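Q: Attaching a single structure in C-alpha cells format; questions to follow.
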Amino acid sequence: MVVLIIFLVMIAVIFAIYFINIGLVRTQLEELTHRHKRGDSLSGDVEEWEYYLNKLFWKPFGTKKTLLTYGPYFEAYMKENYPHTDSDVLKKIKKLQR
C-alpha cells in the first residue's frame, strides 16, 4: 500500500513539473508579446520566440491552446521585422492553425 502511495505521489510530481514548465514558457511568451505590442523588441527576440515555441511543440499534450494564442503574435512579429524570412516554427504554427 505504501508503494502505491509513493508511486502516485511520484506521478503527481512529474505532472506538476510538466505543467509548471508549460506555465513558465507561457510567461516568457507573454513577455515577448507585450514587448512586441509596445514596439520594444530586442535583437535576440527571434531566437527567444523560436526557442519557447519549439519547447511547446515537443510537449505531447496541453500546449495547443498556448500555441494558437501566441502563434499569431509571432507571425505578426516576423512579418514586421523579418518579412522575407519564413522560419520552421512559423510553418508549424500555420500547419497547426489549419
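We label chains A, B, ... in the order they appear in the C-alpha cells, count residues from 1 in each chain, and number ligands from 1 in the order shown.
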Show which residues sit within 9 Å of Ser87 of chain A, as a short mmCIF file (atom, residue, chain, number, x, y, z; two decimals) with N, CA, C and O atoms, in the first residue's frame. Count only C-alpha atoms, and ignore same-chain residues fewer than 4 positions away.

A:
data_model
loop_
_atom_site.label_atom_id
_atom_site.label_comp_id
_atom_site.auth_asym_id
_atom_site.auth_seq_id
_atom_site.Cartn_x
_atom_site.Cartn_y
_atom_site.Cartn_z
N GLU A 50 11.44 31.55 -31.11
CA GLU A 50 11.58 30.21 -31.67
C GLU A 50 11.92 29.18 -30.60
O GLU A 50 11.41 28.06 -30.63
N MET A 78 7.21 38.39 -37.01
CA MET A 78 8.06 38.01 -38.14
C MET A 78 7.74 38.85 -39.37
O MET A 78 8.66 39.27 -40.08
N LYS A 91 6.07 27.85 -39.98
CA LYS A 91 5.42 26.82 -40.80
C LYS A 91 4.62 25.85 -39.92
O LYS A 91 3.51 25.47 -40.26
N LYS A 92 5.19 25.47 -38.77
CA LYS A 92 4.48 24.56 -37.86
C LYS A 92 3.22 25.21 -37.31
O LYS A 92 2.19 24.55 -37.18
#

Q: List as a VMD selection string the protein and nucleic acid residues near Glu30 of chain A, meaning an atom at most 12 Å away when only C-alpha atoms are counted, but skip any in the same chain fewer than 3 places from it.

A: chain A and resid 23 to 27 33 to 37 48 to 49 52 to 53 66 to 67 69 to 71 73 to 74

Q: Restrict the selected residues to N, CA, C and O atoms and save them as an mmCIF file, in the first residue's frame.

A:
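As written to disk, part_32.cif reads:
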data_model
loop_
_atom_site.group_PDB
_atom_site.id
_atom_site.type_symbol
_atom_site.label_atom_id
_atom_site.label_comp_id
_atom_site.auth_asym_id
_atom_site.auth_seq_id
_atom_site.Cartn_x
_atom_site.Cartn_y
_atom_site.Cartn_z
ATOM 1 N N GLY A 23 3.724 26.527 -17.920
ATOM 2 C CA GLY A 23 3.382 27.848 -17.380
ATOM 3 C C GLY A 23 4.527 28.835 -17.505
ATOM 4 O O GLY A 23 4.309 30.010 -17.811
ATOM 5 N N LEU A 24 5.750 28.370 -17.280
ATOM 6 C CA LEU A 24 6.913 29.249 -17.425
ATOM 7 C C LEU A 24 7.108 29.679 -18.876
ATOM 8 O O LEU A 24 7.446 30.834 -19.153
ATOM 9 N N VAL A 25 6.900 28.764 -19.799
ATOM 10 C CA VAL A 25 7.015 29.108 -21.219
ATOM 11 C C VAL A 25 5.940 30.123 -21.594
ATOM 12 O O VAL A 25 6.206 31.088 -22.314
ATOM 13 N N ARG A 26 4.720 29.936 -21.097
ATOM 14 C CA ARG A 26 3.648 30.895 -21.378
ATOM 15 C C ARG A 26 4.000 32.280 -20.849
ATOM 16 O O ARG A 26 3.718 33.300 -21.492
ATOM 17 N N THR A 27 4.624 32.335 -19.677
ATOM 18 C CA THR A 27 5.032 33.622 -19.109
ATOM 19 C C THR A 27 6.045 34.315 -20.008
ATOM 20 O O THR A 27 5.940 35.522 -20.258
ATOM 21 N N THR A 33 5.295 38.945 -26.248
ATOM 22 C CA THR A 33 4.128 39.556 -26.874
ATOM 23 C C THR A 33 3.962 40.991 -26.407
ATOM 24 O O THR A 33 3.688 41.892 -27.209
ATOM 25 N N HIS A 34 4.134 41.208 -25.129
ATOM 26 C CA HIS A 34 4.000 42.558 -24.564
ATOM 27 C C HIS A 34 5.056 43.498 -25.153
ATOM 28 O O HIS A 34 4.742 44.636 -25.522
ATOM 29 N N ARG A 35 6.297 43.015 -25.255
ATOM 30 C CA ARG A 35 7.348 43.845 -25.857
ATOM 31 C C ARG A 35 7.029 44.164 -27.307
ATOM 32 O O ARG A 35 7.264 45.269 -27.782
ATOM 33 N N HIS A 36 6.507 43.158 -28.033
ATOM 34 C CA HIS A 36 6.176 43.381 -29.451
ATOM 35 C C HIS A 36 5.060 44.413 -29.588
ATOM 36 O O HIS A 36 5.112 45.286 -30.461
ATOM 37 N N LYS A 37 4.046 44.330 -28.735
ATOM 38 C CA LYS A 37 2.941 45.296 -28.794
ATOM 39 C C LYS A 37 3.409 46.714 -28.493
ATOM 40 O O LYS A 37 2.909 47.671 -29.073
ATOM 41 N N GLU A 48 14.455 33.904 -29.060
ATOM 42 C CA GLU A 48 13.618 33.598 -27.900
ATOM 43 C C GLU A 48 12.265 33.065 -28.335
ATOM 44 O O GLU A 48 11.786 32.067 -27.790
ATOM 45 N N TRP A 49 11.611 33.722 -29.292
ATOM 46 C CA TRP A 49 10.326 33.247 -29.792
ATOM 47 C C TRP A 49 10.443 31.799 -30.259
ATOM 48 O O TRP A 49 9.632 30.950 -29.888
ATOM 49 N N TYR A 52 11.114 29.176 -27.308
ATOM 50 C CA TYR A 52 9.972 28.864 -26.455
ATOM 51 C C TYR A 52 8.847 28.179 -27.224
ATOM 52 O O TYR A 52 8.200 27.271 -26.706
ATOM 53 N N LEU A 53 8.606 28.580 -28.455
ATOM 54 C CA LEU A 53 7.575 27.903 -29.239
ATOM 55 C C LEU A 53 7.995 26.475 -29.575
ATOM 56 O O LEU A 53 7.167 25.564 -29.552
ATOM 57 N N THR A 66 -2.030 27.256 -26.107
ATOM 58 C CA THR A 66 -0.949 28.241 -25.984
ATOM 59 C C THR A 66 -0.341 28.547 -27.346
ATOM 60 O O THR A 66 -0.091 29.713 -27.667
ATOM 61 N N LEU A 67 -0.120 27.529 -28.153
ATOM 62 C CA LEU A 67 0.437 27.750 -29.487
ATOM 63 C C LEU A 67 -0.519 28.560 -30.362
ATOM 64 O O LEU A 67 -0.093 29.445 -31.104
ATOM 65 N N THR A 69 -2.672 30.677 -29.242
ATOM 66 C CA THR A 69 -2.769 32.020 -28.670
ATOM 67 C C THR A 69 -1.602 32.892 -29.091
ATOM 68 O O THR A 69 -1.789 34.035 -29.518
ATOM 69 N N TYR A 70 -0.389 32.371 -28.988
ATOM 70 C CA TYR A 70 0.803 33.183 -29.245
ATOM 71 C C TYR A 70 1.332 33.046 -30.670
ATOM 72 O O TYR A 70 2.185 33.826 -31.079
ATOM 73 N N GLY A 71 0.825 32.100 -31.439
ATOM 74 C CA GLY A 71 1.249 31.939 -32.831
ATOM 75 C C GLY A 71 1.008 33.173 -33.682
ATOM 76 O O GLY A 71 1.905 33.618 -34.406
ATOM 77 N N TYR A 73 0.831 36.273 -32.785
ATOM 78 C CA TYR A 73 1.750 37.344 -32.381
ATOM 79 C C TYR A 73 3.143 37.104 -32.960
ATOM 80 O O TYR A 73 3.812 38.043 -33.395
ATOM 81 N N PHE A 74 3.568 35.847 -32.961
ATOM 82 C CA PHE A 74 4.860 35.522 -33.559
ATOM 83 C C PHE A 74 4.827 35.788 -35.060
ATOM 84 O O PHE A 74 5.774 36.335 -35.624
#

Q: Between A:Ala76, A:Leu68, A:Val89, A:Ile17, which residue has the minimum interatomic distance to Glu47 of chain A, considering only C-alpha atoms?

A: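 Among the listed residues, the smallest separation from Glu47 of chain A belongs to A:Val89.
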
Q: DSSP says helix (DSSP H, G or I) for which residues of chain A? Put them as a PyMOL selection string?

A: chain A and resi 2-38+45-57+64-81+88-97

Q: Using only C-alpha atoms, which residue out of A:Ile5, A:Leu32, A:Leu90, A:Ala16 lies closest to Asn54 of chain A?

A: A:Leu90

Q: Fewer than 5 positions away in the same chain doesn't count, so skip those; otherwise give me all residues within 8 Å of Thr63 of chain A, counting only C-alpha atoms, as a ChimeraX atom specification.

A: /A:22,56-57

Q: Measuring atom to atom with only C-alpha atoms, identify which of A:Tyr18, A:Trp58, A:Tyr77, A:Phe7 is nearest to Ser41 of chain A.

A: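 Of A:Tyr18, A:Trp58, A:Tyr77, A:Phe7, the one nearest Ser41 of chain A, counting only C-alpha atoms, is A:Tyr77.
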
Q: I'd like to know which of A:Pro72, A:Phe19, A:Ala12, A:Asn81 is closest to Ser43 of chain A, using only C-alpha atoms.

A: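 Closest residue, counting only C-alpha atoms: A:Asn81.
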